[in-house]
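Have a look at the structure below before the remarks.
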2 protein chains.
Amino acid sequence: MNAYRELSQQLGDLMALEEVLGLLQWDQEIAMPAGAIDARGRHVATLSVLQQERWCSPRLGELLGLLHSDDTLAAVEKANVREALREHHKAVKLPTELVRRWGERTVAGHEIWVKARKAKDFSLFAPVLQELIDLAKQKAAILGPDQPAYDVLIDDFEPGMTMARLDLVFEPLKAFLIPLIAQVRQRQAQPGLPDVAFLTHPVPAAKQREVGEKLVRAMGFDFDHGRLDTAVHPFCGGAGPSDVRITTRYNENSWCQSLMAMIHETGHALYEQGRNLDLASQPVSRARSMGVHESQSLLWEKQLGQGADFWRARYPQLQQDYPFLQQVSFDDFVYGLNYVDLNNFIRTEADELTYPLHVILRYELERDLFSGKLAVADLPAAWNQKMQDYLGITPPDAALGCLQDVHWSAGLFGYFPCYTLGALYAAQLFQTAVAQTPGLVADLQAGNLAPLLAWLRAHIHQVGSQYVTDELITRATGRPLDPHAFIAYAGRKYRALLNLDSFGL
Amino acid sequence: MNAYRELSQQLGDLMALEEVLGLLQWDQEIAMPAGAIDARGRHVATLSVLQQERWCSPRLGELLGLLHSDDTLAAVEKANVREALREHHKAVKLPTELVRRWGERTVAGHEIWVKARKAKDFSLFAPVLQELIDLAKQKAAILGPDQPAYDVLIDDFEPGMTMARLDLVFEPLKAFLIPLIAQVRQRQAQPGLPDVAFLTHPVPAAKQREVGEKLVRAMGFDFDHGRLDTAVHPFCGGAGPSDVRITTRYNENSWCQSLMAMIHETGHALYEQGRNLDLASQPVSRARSMGVHESQSLLWEKQLGQGADFWRARYPQLQQDYPFLQQVSFDDFVYGLNYVDLNNFIRTEADELTYPLHVILRYELERDLFSGKLAVADLPAAWNQKMQDYLGITPPDAALGCLQDVHWSAGLFGYFPCYTLGALYAAQLFQTAVAQTPGLVADLQAGNLAPLLAWLRAHIHQVGSQYVTDELITRATGRPLDPHAFIAYAGRKYRALLNLDSFGL
């Protein structure tokens, strides 16, 4: 067998293990009886060990070494070898003992976090957070001894990203958002804004599911290769591109939340279902980074799903489905979709303007925790100070403050920036799709989403990890990561929605 | 690490793989989108290869060799080594090429069988059946070169069982059943038997589910470690004893079928949930054979679920749930549960009297196919002849005849006898439980199932594979496999139900 074919087979087995782990995760959230949790832990541990063993196998290393310098490979094959090498290096470098300890402490960390959040008491969580930070530093020192620890950690989620580059995009974003939010606050103190009571009009879960499913189908989600279920936290998972499983939750007093969650998860799902199926078992077919994956969910949810064009042709149907909307004008409806709640402390409930500041706050705190500038004990105060500086509000307790997110308890340091990178990529991509596709906006207004999906398929989904992220984004949009597409879009949108200019704001 | 502990860890990993494969199977029937079937095939293949590799690993062989002759081991440890050795030997002996070919041809066989059954044309299925028989013969020649092929195949499902022993139990069973069925036929031609139209009274699926779930709970099924779903074919599966998943189907015109299927699958589930949890990751905790597992489903479904004692205290509640039963006397209800349909061609729909003859027929045909006495081309005629000889009816076509079962298309030769072995074990076990447990029948009549479950837990579920099947049954019932408990029970029951004696039959 030739070396590349042998490599592909080995990587195919690894992908199968990863997909099975994806299914176990879905099952745990959706179907597993509660009493099976210990057994499930053993199942996941066994498959993870097998995965680790396979990534470390000397034969895999040999093949990768051989093929790494093989100039006869096609470009996509080279990219596949590059992506596999990344994983192989990490697997080989990290000592089993550290991996085991990491697994144990993140499980413990989650348990402790749940209790601490319930008790609204950060001091309960502080010791295990310290421990996880120390372990993450050890990990980073092994994987990238010459780099700052936090840069190494980001790389797990957004390969190639660094603090230096994040600062270059986050600083202009802060400079744009903080004053804009202050203007929004002033405007909201004035009369003349639409009533958004329709957002909390009660809708039974079954009706929400029916309406949401229609939209999910219209977006192009393929139910022959996926399914939609109800979960405590919405997610997109499953077992590979032919088995993509999205979930949502139904709050009967917040129909819009579940609808937007469905659009968001369908955005992720369309990426997965759109991957290059000929290469589906190979690393090169996967999303290049968390930020790029998030760009797809946010493009559909925010750029489209909260925009007037997307709803133009659909609003009459929605008014039929939800008769209480018959009293709500189209403009008021779109305003409501984008309502900015300036008293909200919670990232996951934030709107498009405040969300990036929630992320930047976390990024800055993580960065300072890892550089040693911030001590764990001082985290709550630092959090509250930044909330006041950026959003003008101070959380009343740690549950609404620095204990609100699950990420740190799971050791996911460096993950938060990806959410906002996704929003920035989404703005760049949507802007380019519109510019490159004649009639795209008219199509969207007419309810035809196919041309947009085709553009995303060609420029993102099918490309996978063929190029590193910078090249992917540059090829798709003509320039690398750049916050100005988002800034221009958000400024235009919110100034118009809130009629800021006529108020001299 | 000591050798036994190292072995336990390796066996624990193997059990984890097996349990994950169980979950994949459940998911495929219950949740998987249709378009994911190819990917699922790859997932199963990858895990199966990993399983095979692990069973063949030289270190596992070394440990087993070492421990096999270690007299310091406790009895249960020795039994665990014995059970692991069985699997190891099979894995090591069978060439990968044969395993691969077997996997391929059984998948193809299933597809072809579906088409042949639809077309009612045995000739479509004959070539692949021949091929599977030839492959099974090759397999048997490798695993047991000194034994008849069919004995080697039975051993996969019922370790230690042989044709010689089967003949010893099946011959008296035939001698008892064939004339009894002839008497039932004569009796059914006479007047005075209850009307069983209530069996086909329509009941909505949701109501059937509600009523069935109550019963499943009352039997002791633990929903914290299991779940109940709807499937095309009822089964009991899942991912180990803490995650036992049963399924049923609801035919709105046959409420009794789904109720009995639920009792049957719960019988299997109670075995699984009752396994020794301290040893759950070890082979010794599993059922010793298919026949023993089936004894649990049949004990609950037939010995109990179709008996008067079980329903004595429950019938008023069932009459409340299904008001059309208010016109049906208790005796007529019990008669209906046991109604013998003498015009039925289908094994899975057969009653307790005709079922064993369906099985014996298949056993005799399999035996003759493997000895060379019967050619594949002559199978349909041989089938029909035996149907006439044993049950007095001739199937109008192959779909109702020798194409009705999935088993041969999946290469499951030697599996059928286990169904009837289960019925025989069930009769022995129930008879003994009654004899050994003071007040058991009164408890059952009062609706208290706990003492029976406790007896089964102690004598079967917790014992697992600690003893070989003969010893298991002998320890539990005082004697090895013996058809006379079933013969006595069935004769008594059906003579009384049909009032045969007063008709001089």
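Going by the structure tokens order, chains are called A, B, ..., each with residues numbered from 1, while ligands are numbered from 1 in the order shown.
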Using only C-alpha atoms, select each residue of chain B with any atom at most 6 Å away from an atom of chain A, and give the selection as a list of chain:residue names.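 Residues passing the distance filter: B:Asp13, B:Ala16, B:Pro33, B:Ala34, B:Gly35, B:Ala36, B:His43, B:Thr46, B:Asp224, B:His225, B:Gly226, B:Ser242, B:Asp243.
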Residue selection dump (C-alpha atoms) as a compact mmCIF listing (two decimals), in the first residue's frame:
# COMPACT_ATOMS: atom_id res chain seq x y z
CA ASP B 13 -11.57 -1.84 27.83
CA ALA B 16 -16.37 -0.69 27.04
CA PRO B 33 -30.96 9.54 10.31
CA ALA B 34 -31.29 7.16 7.36
CA GLY B 35 -28.53 8.83 5.36
CA ALA B 36 -25.92 8.05 8.01
CA HIS B 43 -17.85 3.36 12.83
CA THR B 46 -13.48 0.50 13.16
CA ASP B 224 -32.85 5.60 36.13
CA HIS B 225 -30.70 2.97 34.42
CA GLY B 226 -32.71 2.41 31.28
CA SER B 242 -26.48 0.76 33.94
CA ASP B 243 -27.93 1.76 30.56
Applying 10 Å and only C-alpha atoms, which residues near range 68-83 of chain B remain after dropping the ones on its own chain fewer than 2 positions away? List them as an NGL selection string. :B and (4 or 7-8 or 11 or 62-66 or 85-88 or 279 or 282-286 or 288 or 463 or 465-468)
Grab the residues selected above and save them as an mmCIF file, in the first residue's frame with C-alpha atoms.
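Writing done, so here's out.cif:
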data_model
loop_
_atom_site.group_PDB
_atom_site.id
_atom_site.type_symbol
_atom_site.label_atom_id
_atom_site.label_comp_id
_atom_site.auth_asym_id
_atom_site.auth_seq_id
_atom_site.Cartn_x
_atom_site.Cartn_y
_atom_site.Cartn_z
ATOM 1 C CA TYR B 4 -5.106 -10.462 37.311
ATOM 2 C CA LEU B 7 -6.150 -8.614 32.795
ATOM 3 C CA SER B 8 -9.215 -6.992 34.373
ATOM 4 C CA LEU B 11 -11.093 -6.866 29.714
ATOM 5 C CA GLU B 62 0.271 -14.027 27.911
ATOM 6 C CA LEU B 63 -1.835 -12.919 30.862
ATOM 7 C CA LEU B 64 -4.510 -15.501 30.129
ATOM 8 C CA GLY B 65 -1.888 -18.238 29.775
ATOM 9 C CA LEU B 66 -0.346 -17.249 33.090
ATOM 10 C CA LEU B 85 -9.996 -17.456 27.156
ATOM 11 C CA ARG B 86 -12.970 -18.627 25.086
ATOM 12 C CA GLU B 87 -13.140 -15.258 23.329
ATOM 13 C CA HIS B 88 -9.386 -14.952 22.990
ATOM 14 C CA LEU B 279 -17.955 -7.187 38.025
ATOM 15 C CA GLN B 282 -15.770 -8.353 33.214
ATOM 16 C CA PRO B 283 -16.958 -11.225 30.985
ATOM 17 C CA VAL B 284 -17.943 -13.281 34.035
ATOM 18 C CA SER B 285 -20.819 -10.887 34.771
ATOM 19 C CA ARG B 286 -22.530 -11.521 31.445
ATOM 20 C CA ARG B 288 -23.696 -17.465 30.083
ATOM 21 C CA VAL B 463 -24.320 -15.411 38.874
ATOM 22 C CA SER B 465 -21.124 -16.775 33.715
ATOM 23 C CA GLN B 466 -19.615 -17.873 36.978
ATOM 24 C CA TYR B 467 -20.574 -21.470 36.131
ATOM 25 C CA VAL B 468 -20.920 -23.176 32.773
#
Please measure the separation of CA of Ile112 in chain B and CA of Ala410 in chain B, giving the value in Å to one decimal. 10.7 Å
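Atom pair CA of Met260 in chain A / CA of Gln326 in chain A has a distance of 20.0 Å (rounded to one decimal).
Distance check against Trp383 in chain B using only C-alpha atoms: of B:Ile460, B:Ala3, B:Gly144, B:Phe122, the minimum falls on B:Phe122.
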Just the residues within 10 Å of Ala261 in chain B, please, counting only C-alpha atoms, with nothing from its chain fewer than 4 positions along; format it as a PyMOL selection string. chain B and resi 212+233-235+246-250+256-257+265-267+297+301
Going by DSSP on the backbone, which bits of range 126-308 of chain B are helix (DSSP H, G or I)? Write them as a PyMOL selection string, please. chain B and resi 126-143+149-155+163-188+197-200+205-219+223-225+255-273+277-279+283-285+290-304+308
Find the residues near range 485-501 of chain B: any atom within 10 Å, counting only C-alpha atoms, skip ones fewer than 2 places away on the same chain, and give them as a PyMOL selection string. chain B and resi 172-173+176-177+180-181+183-184+186-188+192-194+303+307+331-332+334-336+338-340+352-353+423-432+481-483+503-505
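Across the model, the gap from CA of His459 in chain B to CA of Glu471 in chain B is 11.4 Å.
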